[in-house]
$ cat run-v6.tsv   # TSV, C-alpha atoms
chain	number	residue	atom	x	y	z
R	1	MET	CA	31.83	-23.38	50.96
R	2	GLY	CA	29.78	-23.31	47.80
R	3	THR	CA	27.54	-20.44	46.80
R	4	LYS	CA	23.75	-20.50	47.14
R	5	LYS	CA	23.55	-20.91	43.36
R	6	GLU	CA	25.82	-23.98	43.46
R	7	SER	CA	23.74	-25.48	46.27
R	8	ALA	CA	20.57	-24.94	44.28
R	9	ILE	CA	22.10	-26.65	41.24
R	10	LYS	CA	23.19	-29.62	43.35
R	11	PHE	CA	19.71	-29.86	44.85
R	12	SER	CA	18.11	-29.80	41.38
R	13	LEU	CA	20.45	-32.53	40.15
R	14	ALA	CA	19.62	-34.65	43.18
R	15	ILE	CA	15.90	-34.29	42.48
R	16	LEU	CA	16.46	-35.23	38.82
R	17	ALA	CA	18.47	-38.31	39.84
R	18	THR	CA	15.70	-39.35	42.21
R	19	CYS	CA	13.14	-39.00	39.41
R	20	CYS	CA	15.29	-41.12	37.09
R	21	LEU	CA	15.50	-43.89	39.67
R	22	PHE	CA	11.77	-43.67	40.33
R	23	VAL	CA	10.94	-44.33	36.66
R	24	GLY	CA	13.23	-47.32	36.34
R	25	LYS	CA	16.56	-45.66	35.53
R	26	VAL	CA	15.08	-43.96	32.47
R	27	CYS	CA	15.00	-40.18	32.54
R	28	SER	CA	11.63	-39.61	30.91
R	29	GLN	CA	10.67	-36.09	29.92
R	30	PRO	CA	6.93	-35.35	29.57
R	31	PHE	CA	5.74	-35.24	25.97
R	32	LYS	CA	2.48	-34.93	24.09
R	33	PHE	CA	0.97	-36.47	21.01
R	34	VAL	CA	-2.37	-36.24	19.21
R	35	ALA	CA	-4.80	-39.02	18.27
R	36	LEU	CA	-7.51	-38.67	15.63
R	37	GLY	CA	-9.35	-40.70	13.02
R	38	ASP	CA	-12.60	-41.63	11.25
R	39	MET	CA	-12.43	-38.56	9.03
R	40	PRO	CA	-13.06	-36.88	6.64
R	41	TYR	CA	-16.32	-38.82	6.24
R	42	SER	CA	-18.64	-36.51	4.30
R	43	GLN	CA	-16.71	-35.69	1.15
R	44	PRO	CA	-15.98	-33.13	-0.19
R	45	ALA	CA	-17.87	-31.16	2.50
R	46	ASP	CA	-15.54	-32.29	5.31
R	47	PHE	CA	-12.29	-31.44	3.56
R	48	PRO	CA	-12.22	-27.83	4.87
R	49	ARG	CA	-13.02	-29.09	8.39
R	50	PHE	CA	-10.20	-31.62	8.22
R	51	GLU	CA	-7.82	-28.95	6.98
R	52	ARG	CA	-8.75	-26.68	9.91
R	53	LEU	CA	-8.09	-29.52	12.33
R	54	ILE	CA	-4.67	-30.22	10.81
R	55	THR	CA	-3.83	-26.51	11.12
R	56	SER	CA	-4.88	-26.57	14.77
R	57	ILE	CA	-2.79	-29.68	15.47
R	58	ASN	CA	0.24	-28.10	13.81
R	59	THR	CA	-0.22	-25.04	16.03
R	60	GLN	CA	-0.13	-27.24	19.15
R	61	LYS	CA	3.28	-28.67	18.13
R	62	PRO	CA	2.83	-32.26	19.33
R	63	ASP	CA	5.77	-34.65	19.14
R	64	PHE	CA	3.75	-36.71	16.65
R	65	SER	CA	0.17	-37.63	15.75
R	66	ILE	CA	-1.53	-41.00	15.30
R	67	PHE	CA	-4.35	-41.43	12.77
R	68	ILE	CA	-6.26	-44.56	13.78
R	69	GLY	CA	-7.95	-45.31	10.46
R	70	ASP	CA	-11.06	-44.70	8.35
R	71	THR	CA	-10.01	-41.90	6.03
R	72	LYS	CA	-13.55	-41.86	4.61
R	73	SER	CA	-17.01	-43.34	5.10
R	74	GLY	CA	-17.88	-46.84	3.95
R	75	SER	CA	-20.01	-45.35	1.17
R	76	THR	CA	-17.25	-43.23	-0.37
R	77	PRO	CA	-15.39	-44.61	-3.41
R	78	CYS	CA	-12.16	-46.47	-2.59
R	79	SER	CA	-10.30	-44.87	-5.47
R	80	ASN	CA	-6.59	-44.43	-6.07
R	81	GLU	CA	-7.29	-40.70	-6.12
R	82	HIS	CA	-8.61	-40.85	-2.57
R	83	VAL	CA	-5.49	-42.67	-1.36
R	84	GLU	CA	-3.33	-40.02	-3.04
R	85	LYS	CA	-5.35	-37.18	-1.51
R	86	MET	CA	-5.04	-38.62	2.00
R	87	THR	CA	-1.30	-39.07	1.50
R	88	VAL	CA	-1.04	-35.36	0.78
R	89	TYR	CA	-3.10	-34.57	3.89
R	90	PHE	CA	-0.98	-36.87	6.07
R	91	ASN	CA	2.19	-35.20	4.82
R	92	SER	CA	0.81	-31.75	5.67
R	93	PHE	CA	1.24	-32.52	9.38
R	94	LYS	CA	4.36	-30.68	10.52
R	95	ALA	CA	5.32	-33.40	13.03
R	96	PRO	CA	5.38	-37.12	12.19
R	97	LEU	CA	2.03	-38.78	11.46
R	98	ILE	CA	1.61	-42.54	11.98
R	99	TYR	CA	-1.34	-44.16	10.20
R	100	SER	CA	-3.23	-47.32	11.19
R	101	ILE	CA	-5.43	-48.69	8.38
R	102	GLY	CA	-9.20	-48.77	8.91
R	103	ASP	CA	-11.96	-50.93	7.45
R	104	ASN	CA	-13.43	-48.24	5.20
R	105	GLU	CA	-10.19	-48.09	3.25
R	106	TRP	CA	-10.37	-51.73	2.15
R	107	THR	CA	-12.59	-54.34	3.90
R	108	ASP	CA	-15.76	-52.43	2.97
R	109	CYS	CA	-14.70	-51.52	-0.56
R	110	HIS	CA	-16.81	-54.35	-2.04
R	111	ARG	CA	-19.92	-52.25	-1.37
R	112	PRO	CA	-21.49	-50.77	-4.53
R	113	LEU	CA	-21.37	-47.20	-3.18
R	114	ALA	CA	-17.68	-47.70	-2.35
R	115	GLY	CA	-16.98	-48.69	-5.95
R	116	ALA	CA	-17.38	-52.50	-5.78
R	117	TYR	CA	-13.63	-53.02	-5.51
R	118	ASP	CA	-11.84	-56.19	-4.53
R	119	PRO	CA	-10.92	-55.52	-0.86
R	120	LEU	CA	-7.67	-57.50	-1.07
R	121	GLU	CA	-6.57	-55.53	-4.12
R	122	ARG	CA	-7.30	-52.29	-2.25
R	123	LEU	CA	-5.25	-53.43	0.73
R	124	ALA	CA	-2.36	-54.36	-1.53
R	125	HIS	CA	-2.52	-50.92	-3.16
R	126	ILE	CA	-2.45	-49.12	0.20
R	127	ARG	CA	0.52	-51.18	1.37
R	128	SER	CA	2.47	-50.57	-1.83
R	129	THR	CA	1.85	-46.81	-1.93
R	130	GLN	CA	1.49	-45.63	1.69
R	131	PHE	CA	3.80	-48.11	3.45
R	132	ASN	CA	6.63	-48.43	0.93
R	133	THR	CA	9.28	-47.01	3.29
R	134	SER	CA	10.12	-47.35	6.99
R	135	ASN	CA	9.23	-43.70	7.59
R	136	SER	CA	6.08	-42.14	8.99
R	137	PHE	CA	4.08	-39.50	7.16
R	138	GLY	CA	4.47	-35.81	8.01
R	139	LYS	CA	6.82	-33.01	7.02
R	140	ILE	CA	9.20	-34.38	9.65
R	141	LYS	CA	9.56	-38.15	9.26
R	142	LEU	CA	9.89	-40.63	12.09
R	143	LYS	CA	11.85	-43.82	11.47
R	144	LEU	CA	9.62	-46.77	12.41
R	145	GLN	CA	10.42	-50.39	13.17
R	146	ARG	CA	8.14	-52.36	10.89
R	147	GLN	CA	7.08	-55.93	11.58
R	148	ALA	CA	7.97	-56.83	7.99
R	149	ASP	CA	11.61	-55.95	8.70
R	150	LEU	CA	11.89	-57.49	12.18
R	151	MET	CA	9.92	-60.69	11.52
R	152	PRO	CA	10.63	-62.11	8.04
R	153	GLN	CA	7.82	-64.66	8.41
R	154	PHE	CA	5.40	-61.70	8.44
R	155	SER	CA	6.96	-59.76	5.59
R	156	ALA	CA	3.57	-58.73	4.15
R	157	TYR	CA	2.60	-56.70	7.21
R	158	VAL	CA	4.44	-53.48	6.50
R	159	GLU	CA	1.72	-51.46	8.24
R	160	ASN	CA	2.46	-52.88	11.71
R	161	SER	CA	5.11	-50.74	13.38
R	162	MET	CA	6.77	-49.74	16.66
R	163	TRP	CA	8.59	-46.66	17.91
R	164	THR	CA	9.63	-45.29	21.29
R	165	LYS	CA	9.46	-41.95	23.04
R	166	SER	CA	10.91	-41.12	26.47
R	167	GLY	CA	10.82	-44.70	27.69
R	168	PHE	CA	7.34	-45.53	26.32
R	169	LEU	CA	6.75	-48.09	23.57
R	170	PHE	CA	4.23	-47.27	20.82
R	171	VAL	CA	2.74	-50.11	18.79
R	172	ASN	CA	0.69	-49.76	15.62
R	173	VAL	CA	-1.45	-52.84	14.83
R	174	HIS	CA	-3.68	-53.41	11.80
R	175	ILE	CA	-7.00	-54.34	13.44
R	176	PRO	CA	-9.86	-52.89	11.36
R	177	GLY	CA	-13.57	-52.81	12.01
R	178	SER	CA	-16.08	-54.92	10.07
R	179	ASN	CA	-15.14	-57.80	12.38
R	180	ASN	CA	-11.47	-57.66	11.44
R	181	ASN	CA	-12.41	-58.87	7.92
R	182	LEU	CA	-13.67	-62.21	9.27
R	183	GLY	CA	-16.87	-63.82	8.02
R	184	ARG	CA	-17.65	-62.17	4.67
R	185	ASP	CA	-16.34	-64.90	2.36
R	186	GLU	CA	-13.56	-67.48	2.18
R	187	PRO	CA	-10.85	-65.12	0.82
R	188	SER	CA	-11.60	-62.67	3.64
R	189	ASN	CA	-11.44	-65.48	6.19
R	190	GLN	CA	-8.05	-66.57	4.88
R	191	GLU	CA	-6.75	-63.01	4.94
R	192	TYR	CA	-8.00	-62.58	8.50
R	193	ALA	CA	-6.33	-65.78	9.70
R	194	LEU	CA	-2.91	-64.79	8.34
R	195	ARG	CA	-3.06	-61.16	9.54
R	196	ASN	CA	-4.48	-62.18	12.91
R	197	SER	CA	-1.48	-64.47	13.40
R	198	ALA	CA	0.87	-61.61	12.53
R	199	ASN	CA	-0.97	-59.21	14.85
R	200	LEU	CA	-0.82	-61.60	17.81
R	201	ALA	CA	2.90	-62.13	17.24
R	202	TRP	CA	3.41	-58.34	17.09
R	203	ILE	CA	1.49	-57.76	20.32
R	204	ASN	CA	3.47	-60.51	22.04
R	205	GLN	CA	6.67	-58.95	20.75
R	206	ALA	CA	5.66	-55.60	22.24
R	207	PHE	CA	5.07	-57.02	25.69
R	208	GLN	CA	8.33	-58.97	25.60
R	209	LEU	CA	10.27	-55.87	24.55
R	210	ALA	CA	8.63	-53.80	27.26
R	211	LYS	CA	9.60	-56.41	29.83
R	212	ASP	CA	13.17	-56.87	28.59
R	213	LYS	CA	13.94	-53.17	28.14
R	214	LYS	CA	11.94	-52.05	31.18
R	215	TYR	CA	9.79	-49.62	29.23
R	216	LEU	CA	7.63	-47.36	31.36
R	217	GLY	CA	4.42	-48.11	29.47
R	218	ILE	CA	2.92	-49.30	26.17
R	219	ILE	CA	0.55	-47.44	23.85
R	220	PHE	CA	-1.28	-49.56	21.26
R	221	ALA	CA	-3.02	-47.89	18.29
R	222	PHE	CA	-5.54	-49.63	16.02
R	223	GLN	CA	-8.84	-48.83	14.32
R	224	ALA	CA	-11.48	-51.28	15.54
R	225	ASP	CA	-13.65	-50.84	18.64
R	226	LEU	CA	-12.85	-54.14	20.35
R	227	PHE	CA	-15.22	-53.25	23.17
R	228	PHE	CA	-18.38	-52.37	21.23
R	229	SER	CA	-20.21	-55.30	22.82
R	230	PRO	CA	-19.27	-57.99	25.40
R	231	GLU	CA	-19.83	-60.74	22.82
R	232	LEU	CA	-16.73	-59.65	20.89
R	233	ALA	CA	-14.59	-61.15	23.66
R	234	SER	CA	-16.26	-64.56	23.61
R	235	SER	CA	-18.22	-65.28	20.42
R	236	ALA	CA	-16.80	-67.93	18.11
R	237	THR	CA	-17.58	-65.64	15.17
R	238	SER	CA	-15.73	-62.63	16.62
R	239	GLY	CA	-12.69	-61.43	14.70
R	240	PHE	CA	-11.43	-59.71	17.86
R	241	LYS	CA	-11.65	-62.52	20.41
R	242	ASP	CA	-8.00	-63.59	20.13
R	243	THR	CA	-6.73	-60.01	20.40
R	244	ILE	CA	-8.82	-59.22	23.48
R	245	ALA	CA	-7.73	-62.44	25.20
R	246	LEU	CA	-4.06	-61.75	24.50
R	247	LEU	CA	-4.26	-58.15	25.74
R	248	GLU	CA	-5.94	-59.33	28.92
R	249	GLU	CA	-3.38	-62.07	29.54
R	250	GLN	CA	-0.27	-59.99	28.85
R	251	SER	CA	-1.48	-56.82	30.58
R	252	GLU	CA	-2.05	-58.73	33.78
R	253	LYS	CA	1.40	-60.33	33.58
R	254	LEU	CA	3.13	-56.98	33.01
R	255	PRO	CA	1.41	-54.40	35.25
R	256	ILE	CA	2.84	-51.25	33.68
R	257	PRO	CA	0.57	-48.46	32.36
R	258	ILE	CA	-0.99	-49.49	29.05
R	259	LEU	CA	-3.11	-47.32	26.77
R	260	LEU	CA	-5.30	-48.65	23.95
R	261	ILE	CA	-6.24	-46.01	21.34
R	262	HIS	CA	-8.90	-46.71	18.70
R	263	GLY	CA	-11.81	-45.21	16.80
R	264	ASP	CA	-14.59	-46.92	14.84
R	265	SER	CA	-17.57	-45.97	17.06
R	266	HIS	CA	-17.08	-42.19	16.75
R	267	GLN	CA	-17.63	-41.23	20.38
R	268	LEU	CA	-15.10	-39.86	22.83
R	269	LYS	CA	-14.52	-42.42	25.60
R	270	ILE	CA	-11.90	-42.84	28.30
R	271	ASP	CA	-12.25	-45.90	30.53
R	272	GLN	CA	-10.71	-49.18	31.70
R	273	PRO	CA	-12.07	-51.87	29.34
R	274	LEU	CA	-10.27	-55.10	30.27
R	275	ARG	CA	-11.11	-57.74	32.87
R	276	ASN	CA	-9.29	-60.94	33.74
R	277	LYS	CA	-10.72	-64.46	33.73
R	278	GLN	CA	-12.15	-63.85	37.20
R	279	LYS	CA	-13.96	-60.78	35.80
R	280	LYS	CA	-11.85	-58.43	37.90
R	281	LEU	CA	-10.81	-55.10	36.42
R	282	ILE	CA	-7.30	-54.95	34.99
R	283	GLU	CA	-6.45	-51.59	36.50
R	284	ASN	CA	-3.29	-50.73	34.57
R	285	VAL	CA	-5.04	-50.65	31.18
R	286	TYR	CA	-6.83	-47.57	29.85
R	287	ARG	CA	-8.79	-47.05	26.65
R	288	LEU	CA	-9.15	-43.89	24.58
R	289	GLU	CA	-11.73	-43.90	21.81
R	290	VAL	CA	-11.39	-40.79	19.66
R	291	MET	CA	-14.15	-38.79	18.04
R	292	GLY	CA	-14.85	-39.00	14.32
R	293	GLU	CA	-17.48	-38.99	11.56
R	294	GLU	CA	-19.51	-35.83	12.32
R	295	GLN	CA	-17.03	-34.76	15.03
R	296	VAL	CA	-13.96	-33.62	13.10
R	297	GLN	CA	-11.92	-33.10	16.26
R	298	ALA	CA	-8.94	-34.75	17.98
R	299	VAL	CA	-7.51	-35.59	21.40
R	300	GLU	CA	-4.18	-34.47	22.83
R	301	ILE	CA	-2.50	-36.94	25.17
R	302	LEU	CA	0.13	-35.79	27.66
R	303	VAL	CA	2.49	-38.52	28.86
R	304	ASP	CA	4.32	-37.81	32.11
R	305	ALA	CA	6.17	-40.72	33.75
R	306	ARG	CA	6.46	-38.78	37.01
R	307	ASN	CA	2.81	-39.57	37.64
R	308	SER	CA	1.68	-43.04	38.74
R	309	SER	CA	-0.98	-42.76	36.04
R	310	PRO	CA	1.09	-41.17	33.25
R	311	PHE	CA	-1.66	-40.44	30.69
R	312	SER	CA	-3.83	-37.34	30.70
R	313	PHE	CA	-6.23	-36.28	27.96
R	314	ARG	CA	-7.44	-32.98	26.48
R	315	PRO	CA	-9.97	-32.77	23.64
R	316	LEU	CA	-8.46	-30.65	20.88
R	317	ILE	CA	-11.52	-28.76	19.67
R	318	VAL	CA	-11.87	-26.54	16.60
R	319	PRO	CA	-15.10	-24.55	17.26
R	320	LEU	CA	-15.72	-23.94	13.55
R	321	ASN	CA	-15.81	-27.72	13.08
R	322	PHE	CA	-18.85	-28.26	15.31
R	323	SER	CA	-21.23	-30.39	13.26
R	324	ILE	CA	-24.14	-28.05	13.95
R	325	LEU	CA	-22.25	-25.28	12.14
R	326	SER	CA	-21.44	-27.42	9.12
R	327	LYS	CA	-25.03	-28.29	8.20
$ encode --input "run-v6.tsv" --output "structure tokens"
Amino acid sequence: MGTKKESAIKFSLAILATCCLFVGKVCSQPFKFVALGDMPYSQPADFPRFERLITSINTQKPDFSIFIGDTKSGSTPCSNEHVEKMTVYFNSFKAPLIYSIGDNEWTDCHRPLAGAYDPLERLAHIRSTQFNTSNSFGKIKLKLQRQADLMPQFSAYVENSMWTKSGFLFVNVHIPGSNNNLGRDEPSNQEYALRNSANLAWINQAFQLAKDKKYLGIIFAFQADLFFSPELASSATSGFKDTIALLEEQSEKLPIPILLIHGDSHQLKIDQPLRNKQKKLIENVYRLEVMGEEQVQAVEILVDARNSSPFSFRPLIVPLNFSILSK
């Protein structure tokens, strides 16, 4: 006969095996990551607030963080110096930091207050300086799978990336605000058409991978608020229509938990934003919109595959960063 200790060990192993079978033969340990973006807007006043938030995130020891774009306001100069400063900030995160480009970094740089830059030149500069390796930012680097490496026909799109954690697929997609750069002039329309094609291929690739490899869920990260108004899903002038339609179609075909993380509208939201062609709720898709602009705060996401709904959310608040205290 075995001892009580041996019996307890056998019982624990049996429970673990059951859990592994339950989550599709993938032993998935709970993990946490942080999402933030749309900051620091008011410069240089917000730099100390941003630094406090980074310190707080480092204290929480997440597995990684995702910055969903807009490293400044649309009225702040789009200078090389700003790009360099944000690179230093991104590399001050102790864990890996994955960055999704926002509109204020390039599409809006034609504005006089932003320096009247050529937006396409600014985008090229960001790609060549902040996406010149396959690694993430952060003191600890994460090796990313970049679309440019996996799909030679989309070699320009070094910013689109994928990585996995505990059976979940993470997908970074370059979808900025300002209507996804559609409608300002002919060069912007051409840029949109090419990048939109790359983005749709990348999203399709994510769903196919999740299906083939039996991933437990997919987390998409991008900057734009695709759900700001219902017209964005149907208007002929919407730069987001194709993306919304594809997410709806693929999410319904593959009913695993899916999380969409974005910023752009600067208000904390957690909901279920997608509906099918019959206007019925697509229940396996969740949306997290992070704070930003005046709210220099973040959100911690716990992912636990043992739960039927694996995502849970906790605002990561730095009291000294409350906007009322910074005025």
$ closest_residue --input "run-v6.tsv" --among "R:Gln29, R:Ser188, R:Asn91, R:Ser75" --to "Arg111 (chain R)" --atoms "only C-alpha atoms"
R:Ser75
$ residues_around --input "run-v6.tsv" --residues "Gln153 (chain R)" --least-positions-apart "3" --cutoff "9 Å" --atoms "only C-alpha atoms" --output "list in words"
Ala148, Ala156 and Ala198 of chain R
$ atom_distance --input "run-v6.tsv" --atom1 "CA of Thr76 (chain R)" --atom2 "CA of Ser42 (chain R)"
8.3 Å
$ residues_near_point --input "run-v6.tsv" --point "(-11.5, -63.1, 11.5)" --cutoff "12 Å" --atoms "all atoms listed in the file" --output "mmCIF file with C-alpha atoms, in the frame of the given file"
data_model
loop_
_atom_site.group_PDB
_atom_site.id
_atom_site.type_symbol
_atom_site.label_atom_id
_atom_site.label_comp_id
_atom_site.auth_asym_id
_atom_site.auth_seq_id
_atom_site.Cartn_x
_atom_site.Cartn_y
_atom_site.Cartn_z
ATOM 1 C CA THR R 107 -12.590 -54.340 3.900
ATOM 2 C CA ILE R 175 -7.000 -54.340 13.440
ATOM 3 C CA PRO R 176 -9.860 -52.890 11.360
ATOM 4 C CA GLY R 177 -13.570 -52.810 12.010
ATOM 5 C CA SER R 178 -16.080 -54.920 10.070
ATOM 6 C CA ASN R 179 -15.140 -57.800 12.380
ATOM 7 C CA ASN R 180 -11.470 -57.660 11.440
ATOM 8 C CA ASN R 181 -12.410 -58.870 7.920
ATOM 9 C CA LEU R 182 -13.670 -62.210 9.270
ATOM 10 C CA GLY R 183 -16.870 -63.820 8.020
ATOM 11 C CA ARG R 184 -17.650 -62.170 4.670
ATOM 12 C CA ASP R 185 -16.340 -64.900 2.360
ATOM 13 C CA GLU R 186 -13.560 -67.480 2.180
ATOM 14 C CA PRO R 187 -10.850 -65.120 0.820
ATOM 15 C CA SER R 188 -11.600 -62.670 3.640
ATOM 16 C CA ASN R 189 -11.440 -65.480 6.190
ATOM 17 C CA GLN R 190 -8.050 -66.570 4.880
ATOM 18 C CA GLU R 191 -6.750 -63.010 4.940
ATOM 19 C CA TYR R 192 -8.000 -62.580 8.500
ATOM 20 C CA ALA R 193 -6.330 -65.780 9.700
ATOM 21 C CA LEU R 194 -2.910 -64.790 8.340
ATOM 22 C CA ARG R 195 -3.060 -61.160 9.540
ATOM 23 C CA ASN R 196 -4.480 -62.180 12.910
ATOM 24 C CA SER R 197 -1.480 -64.470 13.400
ATOM 25 C CA ASN R 199 -0.970 -59.210 14.850
ATOM 26 C CA LEU R 232 -16.730 -59.650 20.890
ATOM 27 C CA SER R 235 -18.220 -65.280 20.420
ATOM 28 C CA ALA R 236 -16.800 -67.930 18.110
ATOM 29 C CA THR R 237 -17.580 -65.640 15.170
ATOM 30 C CA SER R 238 -15.730 -62.630 16.620
ATOM 31 C CA GLY R 239 -12.690 -61.430 14.700
ATOM 32 C CA PHE R 240 -11.430 -59.710 17.860
ATOM 33 C CA LYS R 241 -11.650 -62.520 20.410
ATOM 34 C CA ASP R 242 -8.000 -63.590 20.130
ATOM 35 C CA THR R 243 -6.730 -60.010 20.400
#
$ closest_residue --input "run-v6.tsv" --among "R:His174, R:Lys32, R:Lys277, R:Lys94" --to "Ser56 (chain R)" --atoms "all atoms listed in the file"
R:Lys94
$ closest_residue --input "run-v6.tsv" --among "R:His266, R:Met39, R:Ala95, R:Gly102" --to "Thr55 (chain R)" --atoms "only C-alpha atoms"
R:Ala95
$ atom_distance --input "run-v6.tsv" --atom1 "CA of Met162 (chain R)" --atom2 "CA of Phe31 (chain R)"
17.3 Å
$ residues_around --input "run-v6.tsv" --residues "Met151 (chain R)" --least-positions-apart "3" --cutoff "10 Å" --atoms "only C-alpha atoms" --output "PyMOL selection string"
chain R and resi 146-148+154-157+198+201-202+205
$ closest_residue --input "run-v6.tsv" --among "R:Leu226, R:Ala206, R:Ile282, R:Val318" --to "Leu150 (chain R)" --atoms "all atoms listed in the file"
R:Ala206
$ closest_atom_pairs --input "run-v6.tsv" --of "region 222-283 of chain R" --to "region 306-313 of chain R" --cutoff "12 Å" --atoms "all atoms listed in the file" --output "Markdown table"
| residue | atom | partner | partner_atom | distance |
| --- | --- | --- | --- | --- |
| R:Pro255 | CA | R:Ser308 | CA | 11.9 |
| R:Ile256 | CA | R:Ser309 | CA | 9.6 |
| R:Pro257 | CA | R:Ser309 | CA | 7.0 |
| R:Ile258 | CA | R:Phe311 | CA | 9.2 |
| R:Leu259 | CA | R:Phe311 | CA | 8.1 |
| R:Leu260 | CA | R:Phe311 | CA | 11.2 |
| R:Ile261 | CA | R:Phe313 | CA | 11.8 |
| R:Leu268 | CA | R:Phe313 | CA | 10.9 |
| R:Lys269 | CA | R:Phe313 | CA | 10.6 |
| R:Ile270 | CA | R:Phe313 | CA | 8.7 |
| R:Asp271 | CA | R:Phe313 | CA | 11.6 |
| R:Glu283 | CA | R:Ser309 | CA | 10.4 |
$ closest_residue --input "run-v6.tsv" --among "R:Pro62, R:Glu121, R:Phe47, R:Asp264" --to "Val299 (chain R)" --atoms "only C-alpha atoms"
R:Pro62
$ closest_residue --input "run-v6.tsv" --among "R:Gln43, R:Ser92, R:Thr164, R:Ser65" --to "Pro77 (chain R)" --atoms "all atoms listed in the file"
R:Gln43
$ atom_distance --input "run-v6.tsv" --atom1 "CA of Ser166 (chain R)" --atom2 "CA of Lys253 (chain R)"
22.6 Å
$ residues_around --input "run-v6.tsv" --residues "Ile98 (chain R)" --least-positions-apart "5" --cutoff "8 Å" --atoms "all atoms listed in the file" --output "list in words"
Phe64, Ser65, Ile66, Phe67, Ser136 and Phe137 of chain R
$ residues_around --input "run-v6.tsv" --residues "Leu123 (chain R)" --least-positions-apart "4" --cutoff "10 Å" --atoms "only C-alpha atoms" --output "number ranges by chain"
R: 101, 103, 105-107, 109, 118-119, 127-128
$ residues_near_point --input "run-v6.tsv" --point "(-15.2, -40.2, 12.6)" --cutoff "9 Å" --atoms "only C-alpha atoms" --output "PyMOL selection string"
chain R and resi 36-41+70-73+263-267+290-297
$ write_last_selection --input "run-v6.tsv" --atoms "C-alpha atoms" --output "mmCIF file, keeping the file's coordinate frame"
data_model
loop_
_atom_site.group_PDB
_atom_site.id
_atom_site.type_symbol
_atom_site.label_atom_id
_atom_site.label_comp_id
_atom_site.auth_asym_id
_atom_site.auth_seq_id
_atom_site.Cartn_x
_atom_site.Cartn_y
_atom_site.Cartn_z
ATOM 1 C CA LEU R 36 -7.510 -38.670 15.630
ATOM 2 C CA GLY R 37 -9.350 -40.700 13.020
ATOM 3 C CA ASP R 38 -12.600 -41.630 11.250
ATOM 4 C CA MET R 39 -12.430 -38.560 9.030
ATOM 5 C CA PRO R 40 -13.060 -36.880 6.640
ATOM 6 C CA TYR R 41 -16.320 -38.820 6.240
ATOM 7 C CA ASP R 70 -11.060 -44.700 8.350
ATOM 8 C CA THR R 71 -10.010 -41.900 6.030
ATOM 9 C CA LYS R 72 -13.550 -41.860 4.610
ATOM 10 C CA SER R 73 -17.010 -43.340 5.100
ATOM 11 C CA GLY R 263 -11.810 -45.210 16.800
ATOM 12 C CA ASP R 264 -14.590 -46.920 14.840
ATOM 13 C CA SER R 265 -17.570 -45.970 17.060
ATOM 14 C CA HIS R 266 -17.080 -42.190 16.750
ATOM 15 C CA GLN R 267 -17.630 -41.230 20.380
ATOM 16 C CA VAL R 290 -11.390 -40.790 19.660
ATOM 17 C CA MET R 291 -14.150 -38.790 18.040
ATOM 18 C CA GLY R 292 -14.850 -39.000 14.320
ATOM 19 C CA GLU R 293 -17.480 -38.990 11.560
ATOM 20 C CA GLU R 294 -19.510 -35.830 12.320
ATOM 21 C CA GLN R 295 -17.030 -34.760 15.030
ATOM 22 C CA VAL R 296 -13.960 -33.620 13.100
ATOM 23 C CA GLN R 297 -11.920 -33.100 16.260
#
